[in-house]
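To be precise, the following lines are model.txt, and they hold compact mmCIF, C-alpha atoms.
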```
# COMPACT_ATOMS: atom_id res chain seq x y z
CA MET A 1 0.00 0.00 0.00
CA LYS A 2 2.77 2.41 0.97
CA LEU A 3 4.66 1.52 -2.20
CA LEU A 4 1.60 2.37 -4.28
CA VAL A 5 1.17 5.69 -2.48
CA ALA A 6 4.88 6.47 -2.94
CA LEU A 7 4.62 5.79 -6.69
CA LEU A 8 1.47 7.91 -6.94
CA LEU A 9 3.20 10.80 -5.18
CA LEU A 10 6.13 10.54 -7.57
CA THR A 11 3.81 10.79 -10.58
CA LEU A 12 2.03 13.76 -9.01
CA ALA A 13 5.32 15.52 -8.29
CA HIS A 14 6.68 15.11 -11.79
CA PRO A 15 4.36 17.59 -13.64
CA ALA A 16 5.19 20.27 -11.06
CA PHE A 17 8.69 20.50 -12.53
CA ALA A 18 7.37 22.32 -15.61
CA HIS A 19 4.65 24.94 -15.58
CA HIS A 20 3.04 25.24 -18.95
CA VAL A 21 1.74 28.58 -20.20
CA GLY A 22 -0.18 27.41 -23.27
CA ALA A 23 0.60 27.94 -26.93
CA TYR A 24 -0.29 30.80 -29.25
CA THR A 25 -1.10 30.33 -32.92
CA PRO A 26 -1.30 33.56 -34.95
CA ARG A 27 -4.76 34.19 -36.33
CA ASP A 28 -5.84 35.62 -39.67
CA ASN A 29 -6.77 39.26 -39.74
CA GLU A 30 -9.89 40.46 -41.56
CA VAL A 31 -8.03 41.00 -44.84
CA SER A 32 -6.22 37.66 -44.94
CA ALA A 33 -9.38 35.79 -43.88
CA ASN A 34 -11.36 37.54 -46.62
CA PHE A 35 -8.59 36.74 -49.13
CA LYS A 36 -8.71 33.03 -48.25
CA HIS A 37 -12.51 32.91 -48.59
CA LEU A 38 -12.26 34.66 -51.95
CA LYS A 39 -9.53 32.31 -53.14
CA PHE A 40 -11.50 29.20 -52.18
CA SER A 41 -14.67 30.43 -53.85
CA ILE A 42 -12.74 31.31 -57.03
CA GLU A 43 -11.09 27.87 -57.04
CA ALA A 44 -14.54 26.30 -56.63
CA ARG A 45 -15.70 28.56 -59.52
CA LYS A 46 -18.44 30.05 -57.34
CA PHE A 47 -18.03 33.52 -58.82
CA ASP A 48 -21.32 34.84 -57.44
CA VAL A 49 -20.13 33.99 -53.93
CA ALA A 50 -16.68 35.43 -54.66
CA LEU A 51 -18.21 38.67 -55.94
CA ARG A 52 -20.33 39.04 -52.82
CA LEU A 53 -17.33 38.31 -50.59
CA TYR A 54 -15.31 40.88 -52.50
CA ASP A 55 -18.00 43.57 -52.46
CA GLU A 56 -18.75 43.17 -48.75
CA GLY A 57 -15.36 42.11 -47.43
CA ALA A 58 -12.50 43.82 -45.60
CA LEU A 59 -10.10 43.27 -48.49
CA ARG A 60 -11.86 45.66 -50.85
CA LYS A 61 -12.24 48.25 -48.10
CA GLU A 62 -8.50 48.09 -47.46
CA LEU A 63 -7.75 48.10 -51.19
CA ARG A 64 -9.79 51.27 -51.66
CA SER A 65 -8.12 52.99 -48.72
CA ARG A 66 -4.71 52.28 -50.28
CA ALA A 67 -5.76 53.02 -53.86
CA ALA A 68 -3.15 55.79 -54.23
CA GLN A 69 -0.25 53.34 -53.76
CA LEU A 70 -1.76 50.65 -56.00
CA PRO A 71 -1.86 50.27 -59.81
CA ALA A 72 -4.68 52.36 -61.28
CA GLY A 73 -7.98 50.53 -61.77
CA LEU A 74 -7.05 47.48 -59.67
CA ASP A 75 -10.38 47.45 -57.83
CA GLY A 76 -12.36 47.70 -61.08
CA SER A 77 -10.31 44.99 -62.79
CA ILE A 78 -10.77 42.50 -59.91
CA ARG A 79 -14.50 43.17 -59.80
CA ALA A 80 -14.87 42.88 -63.56
CA ALA A 81 -12.90 39.61 -63.57
CA LEU A 82 -15.15 38.17 -60.88
CA GLN A 83 -18.26 39.25 -62.81
CA ARG A 84 -16.91 37.63 -65.99
CA GLY A 85 -15.80 34.50 -64.16
CA ALA A 86 -12.17 35.05 -65.19
CA ALA A 87 -10.41 33.17 -62.39
CA ALA A 88 -6.81 33.83 -63.49
CA GLU A 89 -7.35 37.55 -63.85
CA ALA A 90 -9.13 37.85 -60.50
CA GLU A 91 -6.35 35.88 -58.85
CA ARG A 92 -3.73 38.13 -60.43
CA GLY A 93 -5.47 41.27 -59.14
CA LEU A 94 -5.77 39.86 -55.65
CA MET A 95 -2.14 38.78 -55.76
CA VAL A 96 -1.04 42.31 -56.74
CA PHE A 97 -2.93 43.75 -53.77
CA VAL A 98 -1.51 41.28 -51.22
CA VAL A 99 2.00 41.69 -52.65
CA SER A 100 1.64 45.46 -52.28
CA LEU A 101 0.70 44.99 -48.60
CA ALA A 102 3.87 42.93 -48.06
CA ARG A 103 5.97 45.45 -50.03
CA ASP A 104 4.66 48.39 -47.96
CA LEU A 105 5.50 46.52 -44.77
CA ALA A 106 9.04 45.86 -46.02
CA LEU A 107 9.48 49.58 -46.83
CA GLU A 108 8.12 50.63 -43.43
CA ALA A 109 10.36 48.09 -41.67
CA ASP A 110 13.38 49.48 -43.50
CA ARG A 111 12.40 53.01 -42.46
CA GLN A 112 11.92 52.12 -38.78
CA ILE A 113 15.05 49.98 -38.54
CA SER A 114 17.17 52.76 -40.00
CA ASP A 115 16.40 54.83 -36.87
CA ALA A 116 19.86 54.62 -35.27
CA GLY A 117 18.56 56.34 -32.10
CA ALA A 118 16.68 53.21 -31.00
CA PRO A 119 18.59 50.42 -29.16
CA ALA A 120 19.68 47.43 -31.28
CA ASP A 121 17.53 44.91 -29.39
CA VAL A 122 14.42 47.07 -29.82
CA ARG A 123 15.12 47.40 -33.57
CA ALA A 124 15.74 43.65 -33.82
CA ALA A 125 12.45 42.89 -32.02
CA ALA A 126 10.60 45.30 -34.32
CA GLY A 127 12.34 43.73 -37.33
CA ARG A 128 11.22 40.26 -36.24
CA LYS A 129 7.62 41.40 -35.89
CA PHE A 130 7.72 43.11 -39.28
CA LEU A 131 9.13 39.97 -40.89
CA GLU A 132 6.34 37.88 -39.36
CA ALA A 133 3.76 40.32 -40.75
CA ILE A 134 5.41 40.37 -44.19
CA TRP A 135 5.47 36.58 -44.31
CA ARG A 136 1.83 36.29 -43.22
CA TYR A 137 0.84 38.25 -46.33
CA TYR A 138 3.44 36.95 -48.75
CA ASN A 139 2.71 33.32 -47.80
CA LEU A 140 -0.86 33.82 -49.05
CA VAL A 141 0.35 34.51 -52.59
CA ASP A 142 3.70 32.72 -52.74
CA PHE A 143 2.33 30.08 -55.11
CA ALA A 144 0.71 32.65 -57.40
CA VAL A 145 3.92 34.76 -57.46
CA THR A 146 6.05 31.67 -58.19
CA GLN A 147 3.80 30.77 -61.13
CA ARG A 148 4.14 34.23 -62.67
CA ASN A 149 7.63 35.31 -61.62
CA ALA A 150 9.73 32.46 -60.21
CA ARG A 151 12.85 34.61 -59.97
CA ALA A 152 11.12 37.24 -57.81
CA ALA A 153 9.63 34.52 -55.59
CA THR A 154 13.07 32.98 -55.06
CA THR A 155 14.59 36.40 -54.35
CA VAL A 156 11.93 37.11 -51.73
CA ARG A 157 12.35 33.74 -50.03
CA LEU A 158 16.15 33.97 -49.93
CA ALA A 159 16.08 37.56 -48.68
CA PHE A 160 13.52 36.58 -46.07
CA ASP A 161 15.69 33.70 -44.80
CA GLU A 162 18.68 36.03 -44.62
CA ALA A 163 16.69 38.69 -42.75
CA GLU A 164 15.37 36.12 -40.27
CA GLY A 165 18.93 35.01 -39.59
CA TYR A 166 19.90 38.56 -38.63
CA VAL A 167 17.07 39.04 -36.12
CA LYS A 168 17.05 35.53 -34.65
CA ALA A 169 20.82 35.26 -34.12
CA ALA A 170 22.26 35.14 -30.59
CA THR A 171 23.59 38.66 -31.23
CA PRO A 172 20.97 40.29 -33.49
CA ALA A 173 22.27 42.58 -36.23
CA PRO A 174 19.34 44.89 -37.12
CA GLU A 175 21.57 47.19 -39.22
CA ARG A 176 22.22 44.27 -41.63
CA LEU A 177 18.47 43.67 -41.92
CA ARG A 178 17.99 46.67 -44.19
CA GLU A 179 19.63 45.11 -47.22
CA PRO A 180 17.40 41.98 -47.44
CA LEU A 181 14.34 44.15 -46.67
CA ARG A 182 15.22 46.36 -49.64
CA ARG A 183 15.63 43.29 -51.83
CA ILE A 184 12.19 42.06 -50.74
CA ALA A 185 10.63 45.48 -51.46
CA HIS A 186 12.39 45.69 -54.84
CA ALA A 187 11.38 42.18 -55.93
CA LEU A 188 7.77 42.74 -54.86
CA THR A 189 7.61 46.09 -56.66
CA GLY A 190 8.77 44.24 -59.77
CA VAL A 191 5.97 41.68 -59.33
CA ILE A 192 3.39 44.48 -58.99
CA GLU A 193 4.67 46.31 -62.09
CA THR A 194 4.96 43.27 -64.37
CA SER A 195 1.59 41.89 -63.27
CA SER A 196 -0.09 45.25 -63.85
CA GLN A 197 1.55 45.61 -67.29
CA SER A 198 0.47 42.11 -68.33
CA ALA A 199 -3.05 42.87 -67.07
CA ARG A 200 -3.12 46.00 -69.27
CA ARG A 201 -1.82 44.03 -72.28
CA ASP A 202 -4.48 41.36 -71.79
CA SER A 203 -7.29 43.91 -71.59
CA SER A 204 -6.17 45.87 -74.71
CA MET B 1 -14.30 35.32 -15.17
CA VAL B 2 -16.78 34.81 -18.00
CA ARG B 3 -18.97 37.59 -16.69
CA PHE B 4 -16.15 40.13 -16.73
CA LYS B 5 -14.32 38.79 -19.79
CA LEU B 6 -15.11 41.81 -21.95
CA GLU B 7 -14.22 44.34 -19.24
CA LEU B 8 -10.97 42.53 -18.47
CA ALA B 9 -10.00 42.39 -22.15
CA ARG B 10 -10.80 46.11 -22.55
CA TRP B 11 -8.74 46.97 -19.49
CA ALA B 12 -5.79 44.85 -20.69
CA ARG B 13 -5.98 46.35 -24.19
CA GLY B 14 -6.10 49.91 -22.86
CA THR B 15 -3.21 49.29 -20.46
CA MET B 16 -1.12 47.78 -23.28
CA LEU B 17 -1.88 50.62 -25.68
CA ALA B 18 -0.70 53.06 -23.02
CA ARG B 19 2.69 51.25 -22.98
CA PRO B 20 3.66 50.79 -26.63
CA GLN B 21 7.38 50.46 -25.91
CA VAL B 22 6.88 47.65 -23.37
CA HIS B 23 4.99 45.60 -25.95
CA GLY B 24 7.11 46.56 -28.94
CA LEU B 25 4.24 48.23 -30.80
CA VAL B 26 5.52 49.88 -33.97
CA GLY B 27 2.50 51.91 -35.08
CA VAL B 28 1.68 49.69 -38.07
CA ARG B 29 -1.67 47.96 -37.81
CA ASP B 30 -0.60 44.73 -39.52
CA VAL B 31 2.22 44.28 -37.00
CA ASP B 32 0.59 45.68 -33.87
CA GLU B 33 -2.69 43.78 -34.14
CA GLN B 34 -0.77 40.48 -33.99
CA ILE B 35 1.27 41.61 -30.96
CA MET B 36 -1.93 42.72 -29.19
CA ASP B 37 -3.75 39.54 -30.14
CA GLU B 38 -0.97 37.35 -28.74
CA ALA B 39 -0.76 39.35 -25.50
CA LEU B 40 -4.57 39.28 -25.03
CA THR B 41 -4.69 35.56 -25.78
CA ARG B 42 -1.94 34.95 -23.21
CA PHE B 43 -3.75 37.21 -20.71
CA ASP B 44 -6.94 35.21 -21.14
CA GLY B 45 -4.94 31.95 -21.04
CA GLY B 46 -3.28 33.02 -17.78
CA LEU B 47 -6.66 33.53 -16.13
CA ARG B 48 -7.93 30.19 -17.42
CA LEU B 49 -4.80 28.36 -16.28
CA PHE B 50 -5.15 29.98 -12.85
CA HIS B 51 -8.68 28.62 -12.61
CA MET B 52 -7.66 25.17 -13.84
CA HIS B 53 -4.60 24.87 -11.58
CA ALA B 54 -6.49 26.18 -8.55
CA GLU B 55 -8.95 23.30 -8.95
CA GLY B 56 -6.29 20.71 -9.72
CA MET B 57 -3.86 21.70 -6.99
CA GLY B 58 -6.72 21.74 -4.46
CA THR B 59 -7.28 18.04 -5.10
CA ILE B 60 -3.56 17.35 -4.85
CA VAL B 61 -3.31 19.24 -1.54
CA ILE B 62 -6.19 17.20 -0.08
CA LEU B 63 -4.74 13.87 -1.28
CA THR B 64 -1.16 14.49 -0.21
CA THR B 65 -2.01 15.99 3.18
CA MET B 66 -4.23 12.95 3.86
CA VAL B 67 -1.25 10.69 3.15
CA ALA B 68 1.02 12.87 5.30
CA ALA B 69 -1.47 12.93 8.19
CA THR B 70 -1.84 9.14 8.05
CA TRP B 71 1.76 8.01 7.63
CA ALA B 72 4.03 10.76 8.96
CA PRO B 73 6.23 9.17 11.67
CA THR B 74 5.95 12.02 14.22
CA ALA B 75 3.71 14.99 14.89
CA GLY B 76 6.54 17.34 13.87
CA TRP B 77 6.93 15.62 10.51
CA ARG B 78 3.17 15.68 10.03
CA ARG B 79 2.92 19.42 10.71
CA ALA B 80 5.87 20.24 8.47
CA LEU B 81 4.66 18.11 5.56
CA VAL B 82 1.07 19.36 5.77
CA ALA B 83 2.27 22.97 5.96
CA LEU B 84 4.63 22.63 2.98
CA LEU B 85 2.06 20.80 0.84
CA THR B 86 -0.68 23.30 1.68
CA VAL B 87 1.39 26.45 1.19
CA GLY B 88 3.03 25.17 -2.01
CA GLY B 89 -0.18 23.81 -3.50
CA ALA B 90 -2.25 26.87 -2.64
CA GLY B 91 0.37 29.36 -3.77
CA TYR B 92 1.42 27.79 -7.07
CA PRO B 93 -1.79 28.57 -9.05
CA LEU B 94 -1.52 32.24 -8.04
CA GLY B 95 1.47 32.42 -10.38
CA TYR B 96 -0.91 32.29 -13.34
CA LEU B 97 -2.97 35.13 -11.89
CA VAL B 98 0.19 37.17 -11.28
CA TRP B 99 1.41 36.43 -14.83
CA ALA B 100 -1.94 37.47 -16.37
CA ALA B 101 -1.97 40.68 -14.31
CA LEU B 102 1.61 41.50 -15.28
CA ILE B 103 1.17 40.98 -19.05
CA PRO B 104 -0.44 44.39 -19.73
CA TYR B 105 2.24 46.18 -17.69
CA ARG B 106 5.40 44.19 -18.44
CA GLY B 107 4.69 42.18 -21.61
CA VAL B 108 4.32 38.42 -22.08
CA GLU B 109 7.92 37.31 -21.55
CA ASP B 110 8.92 39.73 -18.81
CA GLY B 111 5.66 39.01 -16.97
CA LYS B 112 6.39 35.29 -17.19
CA ARG B 113 9.93 35.76 -15.86
CA LEU B 114 8.61 37.74 -12.87
CA ALA B 115 5.84 35.24 -12.14
CA GLU B 116 8.40 32.44 -12.27
CA TRP B 117 10.69 34.03 -9.70
CA LEU B 118 7.94 35.45 -7.48
CA VAL B 119 5.52 32.52 -7.40
CA TRP B 120 6.08 29.46 -9.59
CA ILE B 121 9.61 28.61 -8.48
CA PRO B 122 9.13 29.24 -4.70
CA PHE B 123 5.70 27.65 -4.37
CA GLY B 124 6.16 24.96 -7.02
CA GLY B 125 9.55 24.17 -5.47
CA THR B 126 7.95 23.90 -2.03
CA THR B 127 5.39 21.42 -3.37
CA ILE B 128 8.07 19.33 -5.09
CA ILE B 129 10.28 19.24 -1.97
CA ALA B 130 7.28 18.34 0.20
CA MET B 131 6.32 15.49 -2.14
CA TRP B 132 9.84 14.10 -2.22
CA LEU B 133 9.99 14.31 1.57
CA LEU B 134 6.70 12.47 1.79
CA VAL B 135 8.00 9.76 -0.55
CA ALA B 136 11.19 9.52 1.51
CA VAL B 137 9.16 9.16 4.72
CA LEU B 138 7.09 6.35 3.21
CA VAL B 139 10.14 4.54 1.84
CA MET B 140 11.91 4.81 5.21
CA GLN B 141 8.90 3.36 6.97
CA MET B 142 8.70 0.48 4.49
CA ALA B 143 12.42 -0.21 4.88
CA ARG B 144 12.11 -0.18 8.67
CA ARG B 145 9.27 -2.72 8.64
CA SER B 146 10.99 -5.07 6.22
```
In structure tokens, write the structure found in this file.
Amino acid sequence: MKLLVALLLLTLAHPAFAHHVGAYTPRDNEVSANFKHLKFSIEARKFDVALRLYDEGALRKELRSRAAQLPAGLDGSIRAALQRGAAAEAERGLMVFVVSLARDLALEADRQISDAGAPADVRAAAGRKFLEAIWRYYNLVDFAVTQRNARAATTVRLAFDEAEGYVKAATPAPERLREPLRRIAHALTGVIETSSQSARRDSS
Amino acid sequence: MVRFKLELARWARGTMLARPQVHGLVGVRDVDEQIMDEALTRFDGGLRLFHMHAEGMGTIVILTTMVAATWAPTAGWRRALVALLTVGGAGYPLGYLVWAALIPYRGVEDGKRLAEWLVWIPFGGTTIIAMWLLVAVLVMQMARRS
């Protein structure tokens, strides 16, 4: 009996060695959730559903608020493609928008990290958060970008890996982060420009 | 907890927004909303874990103090074991409450570090030592009889 009690006490004592604090899984924001719903309805060729999701969703609201930084007529071209049931064209328009979100984040990260007045660990922490945000958006369209511009997709992935190395190292080097961030911004700007040009060619 | 969930979340959010540097907020919605979401999820998780551990450790305190009261060799041993098991078991869950309360002021990681040193390590350590002592007492008694 005492042996059993002793064994039971040992098993009770063991979990007390480690206190667990749960796990956190990043969630989609309104724009990325709306993008995924749109993508699935386009893939299922439910264009009426996709059009409703686009008209009423957070993605279009965000797209309109950033219209000045986006290729002219992007909103109209996505909507027209959804009305026509042109899946590839709708996907390209959505890709351009998401890529522009990632590009703007890369530019803003570069701007904030260049602030030499802030301590290195603070800049590294900010850089890590920016990289996570960039990847959350870019990951949504990585496949679409690779299909249309494999070189740009590879450039972004390599630059991203390099940037992550700088912020996750034992001694973070935020000043070295600027170069890969610029490469990401440059490659994504190229994707936006070439995709917009090809969209114009297709429509003319 | 459920009744005041919204108020607690509002308070935590407001306190965090008042301390952007503590939480590493950068002023960009796409970055900050994720930081806030993680901190609020951890805050809510801390309160839930406090609740869960308070219930679980209560059972452990009852069980282990019953064993100590039955098989402790002397009254001194009995008092010491019961005191250690009760203090350790009752104090340990408070670490989760302390962690949750510290998150809005100190951030997730710093809050965890403080809760570890203030509560989890002292009280959890007390419980572990008390359990090992209890096991040792039982083993010694078994050895003596055989």
For the point (5.7, 45.4, -45.9) in file coordinates, what residues are within 12 Å, counting only C-alpha atoms? Give the answer as an MDAnalysis selection string? (chainID A and resid 97:112 127 129:138 156 160 181:189) or (chainID B and resid 28:31)
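Every protein or nucleic acid residue with an atom no more than 8 Å from range 45-49 of chain A, counting all atoms listed in the file and leaving out same-chain residues fewer than 3 positions away, appears here: A:Ser41, A:Ile42, A:Arg52, A:Leu53, A:Leu82, A:Gln83, A:Gly85, A:Ala87.
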Excluding range 112-124 of chain B and any residue of its chain fewer than 4 positions from it, enumerate the residues within 10 Å of it, using only C-alpha atoms, and give them as a VMD selection string. (chain A and resid 13 16 to 19 21) or (chain B and resid 46 84 to 103 106 to 108 128 to 130)
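Proximity ranking of B:Val137, B:Val61, B:Val82, B:Met16 relative to Asp37 in chain B places B:Met16 first, based on all atoms listed in the file.
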Name the residues in contact with Ala72 in chain A at a cut-off of 10 Å, using only C-alpha atoms, excluding same-chain residues fewer than 5 positions from it; report them as an MDAnalysis selection string. chainID A and resid 67 77 196
Restricting the calculation to all atoms listed in the file, which member of B:Arg145, B:Arg78, B:His23, B:Arg48 is positioned closest to Lys5 in chain B?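 Among B:Arg145, B:Arg78, B:His23, B:Arg48, it is B:Arg48 that comes nearest to Lys5 in chain B.
Closest approach to Leu49 in chain B from the set B:Met36, B:Leu8, B:Ala143, B:Met1 is made by B:Met1, with distances taken over only C-alpha atoms.
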For Asn34 in chain A: contacts at 8 Å, all atoms listed in the file, fewer than 6 positions along chain excluded, given as an MDAnalysis selection string: chainID A and resid 53:54 57:59
What's the 8 Å shell around Ala68 in chain B, counting only C-alpha atoms, without same-chain residues fewer than 2 positions away, as number ranges by chain? B: 64-66, 70-72, 78, 81-82, 134
Between CA of Ala170 in chain A and CA of Ala125 in chain A, what is the distance in Å, rounded to a tenth?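 Those two atoms sit 12.6 Å apart.
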Let me make sure I understand: among B:Ala69, B:Trp77, B:His51, B:Arg42, which one has the smallest atom-to-atom distance to chain A if we use all atoms listed in the file? B:Arg42
For a quick check of understanding, using all atoms listed in the file, which of A:Ala68, A:Ala23, A:Val96, A:Leu74 has the smallest distance to Arg148 in chain A? A:Val96
Here's a test: counting all atoms listed in the file, identify every protein, DNA and RNA residue with an atom at most 12 Å from (-4.9, 37.0, -66.5) in the file's coordinate frame, and state them as a VMD selection string. chain A and resid 77 to 78 80 to 82 85 to 96 144 147 to 148 194 to 203
At what distance in Å, to one decimal, does CA of Phe143 in chain A lie from CA of Asp28 in chain A?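 Computed distance, CA of Asp28 in chain A to CA of Phe143 in chain A, equals 18.3 Å.
Taking CA of Ser114 in chain A as the reference point, CA of Pro174 in chain A is found at 8.7 Å.
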Here is a test: counting all atoms listed in the file, which residue of B:Pro20, B:Gly45, B:Gly14, B:Gly56 is nearest to chain A? B:Gly45
Starting from the sparse input, extend range 87-113 of chain B to N, CA and C atoms and give the output as a PDB file, in the coordinates of the input.
```pdb
ATOM      1  N   VAL B  87       0.900  25.140   1.650  1.00  0.00           N
ATOM      2  CA  VAL B  87       1.390  26.450   1.190  1.00  0.00           C
ATOM      3  C   VAL B  87       1.812  26.368  -0.288  1.00  0.00           C
ATOM      4  N   GLY B  88       2.577  25.329  -0.627  1.00  0.00           N
ATOM      5  CA  GLY B  88       3.030  25.170  -2.010  1.00  0.00           C
ATOM      6  C   GLY B  88       1.876  24.998  -2.978  1.00  0.00           C
ATOM      7  N   GLY B  89       0.950  24.115  -2.613  1.00  0.00           N
ATOM      8  CA  GLY B  89      -0.180  23.810  -3.500  1.00  0.00           C
ATOM      9  C   GLY B  89      -1.140  24.980  -3.644  1.00  0.00           C
ATOM     10  N   ALA B  90      -1.321  25.729  -2.567  1.00  0.00           N
ATOM     11  CA  ALA B  90      -2.250  26.870  -2.640  1.00  0.00           C
ATOM     12  C   ALA B  90      -1.613  28.058  -3.339  1.00  0.00           C
ATOM     13  N   GLY B  91      -0.297  28.196  -3.187  1.00  0.00           N
ATOM     14  CA  GLY B  91       0.370  29.360  -3.770  1.00  0.00           C
ATOM     15  C   GLY B  91       0.678  29.222  -5.248  1.00  0.00           C
ATOM     16  N   TYR B  92       0.995  27.997  -5.682  1.00  0.00           N
ATOM     17  CA  TYR B  92       1.420  27.790  -7.070  1.00  0.00           C
ATOM     18  C   TYR B  92       0.443  28.344  -8.120  1.00  0.00           C
ATOM     19  N   PRO B  93      -0.864  28.057  -8.026  1.00  0.00           N
ATOM     20  CA  PRO B  93      -1.790  28.570  -9.050  1.00  0.00           C
ATOM     21  C   PRO B  93      -1.815  30.094  -9.134  1.00  0.00           C
ATOM     22  N   LEU B  94      -1.514  30.762  -8.019  1.00  0.00           N
ATOM     23  CA  LEU B  94      -1.520  32.240  -8.040  1.00  0.00           C
ATOM     24  C   LEU B  94      -0.519  32.798  -9.040  1.00  0.00           C
ATOM     25  N   GLY B  95       0.499  31.992  -9.383  1.00  0.00           N
ATOM     26  CA  GLY B  95       1.470  32.420 -10.380  1.00  0.00           C
ATOM     27  C   GLY B  95       0.816  32.779 -11.695  1.00  0.00           C
ATOM     28  N   TYR B  96      -0.210  32.017 -12.071  1.00  0.00           N
ATOM     29  CA  TYR B  96      -0.910  32.290 -13.340  1.00  0.00           C
ATOM     30  C   TYR B  96      -1.681  33.605 -13.263  1.00  0.00           C
ATOM     31  N   LEU B  97      -2.247  33.863 -12.085  1.00  0.00           N
ATOM     32  CA  LEU B  97      -2.970  35.130 -11.890  1.00  0.00           C
ATOM     33  C   LEU B  97      -1.986  36.299 -11.943  1.00  0.00           C
ATOM     34  N   VAL B  98      -0.838  36.118 -11.287  1.00  0.00           N
ATOM     35  CA  VAL B  98       0.190  37.170 -11.280  1.00  0.00           C
ATOM     36  C   VAL B  98       0.692  37.403 -12.709  1.00  0.00           C
ATOM     37  N   TRP B  99       0.929  36.313 -13.436  1.00  0.00           N
ATOM     38  CA  TRP B  99       1.410  36.430 -14.830  1.00  0.00           C
ATOM     39  C   TRP B  99       0.390  37.203 -15.679  1.00  0.00           C
ATOM     40  N   ALA B 100      -0.892  36.799 -15.575  1.00  0.00           N
ATOM     41  CA  ALA B 100      -1.940  37.470 -16.370  1.00  0.00           C
ATOM     42  C   ALA B 100      -1.994  38.957 -16.014  1.00  0.00           C
ATOM     43  N   ALA B 101      -1.895  39.265 -14.728  1.00  0.00           N
ATOM     44  CA  ALA B 101      -1.970  40.680 -14.310  1.00  0.00           C
ATOM     45  C   ALA B 101      -0.756  41.474 -14.766  1.00  0.00           C
ATOM     46  N   LEU B 102       0.386  40.798 -14.880  1.00  0.00           N
ATOM     47  CA  LEU B 102       1.610  41.500 -15.280  1.00  0.00           C
ATOM     48  C   LEU B 102       1.713  41.716 -16.789  1.00  0.00           C
ATOM     49  N   ILE B 103       1.043  40.890 -17.577  1.00  0.00           N
ATOM     50  CA  ILE B 103       1.170  40.980 -19.050  1.00  0.00           C
ATOM     51  C   ILE B 103       0.904  42.399 -19.571  1.00  0.00           C
ATOM     52  N   PRO B 104      -0.212  43.041 -19.193  1.00  0.00           N
ATOM     53  CA  PRO B 104      -0.440  44.390 -19.730  1.00  0.00           C
ATOM     54  C   PRO B 104       0.631  45.402 -19.337  1.00  0.00           C
ATOM     55  N   TYR B 105       1.243  45.212 -18.172  1.00  0.00           N
ATOM     56  CA  TYR B 105       2.240  46.180 -17.690  1.00  0.00           C
ATOM     57  C   TYR B 105       3.663  45.865 -18.131  1.00  0.00           C
ATOM     58  N   ARG B 106       4.012  44.573 -18.188  1.00  0.00           N
ATOM     59  CA  ARG B 106       5.400  44.190 -18.440  1.00  0.00           C
ATOM     60  C   ARG B 106       5.616  43.399 -19.725  1.00  0.00           C
ATOM     61  N   GLY B 107       4.561  43.006 -20.412  1.00  0.00           N
ATOM     62  CA  GLY B 107       4.690  42.180 -21.610  1.00  0.00           C
ATOM     63  C   GLY B 107       4.663  40.698 -21.257  1.00  0.00           C
ATOM     64  N   VAL B 108       4.516  39.861 -22.290  1.00  0.00           N
ATOM     65  CA  VAL B 108       4.320  38.420 -22.080  1.00  0.00           C
ATOM     66  C   VAL B 108       5.552  37.783 -21.435  1.00  0.00           C
ATOM     67  N   GLU B 109       6.716  38.016 -22.010  1.00  0.00           N
ATOM     68  CA  GLU B 109       7.920  37.310 -21.550  1.00  0.00           C
ATOM     69  C   GLU B 109       8.425  37.844 -20.211  1.00  0.00           C
ATOM     70  N   ASP B 110       8.442  39.157 -20.057  1.00  0.00           N
ATOM     71  CA  ASP B 110       8.920  39.730 -18.810  1.00  0.00           C
ATOM     72  C   ASP B 110       7.956  39.374 -17.662  1.00  0.00           C
ATOM     73  N   GLY B 111       6.668  39.390 -17.962  1.00  0.00           N
ATOM     74  CA  GLY B 111       5.660  39.010 -16.970  1.00  0.00           C
ATOM     75  C   GLY B 111       5.860  37.567 -16.527  1.00  0.00           C
ATOM     76  N   LYS B 112       6.183  36.712 -17.506  1.00  0.00           N
ATOM     77  CA  LYS B 112       6.390  35.290 -17.190  1.00  0.00           C
ATOM     78  C   LYS B 112       7.635  35.123 -16.301  1.00  0.00           C
ATOM     79  N   ARG B 113       8.695  35.850 -16.629  1.00  0.00           N
ATOM     80  CA  ARG B 113       9.930  35.760 -15.860  1.00  0.00           C
ATOM     81  C   ARG B 113       9.674  36.181 -14.397  1.00  0.00           C
TER      82      ARG B 113
END
```
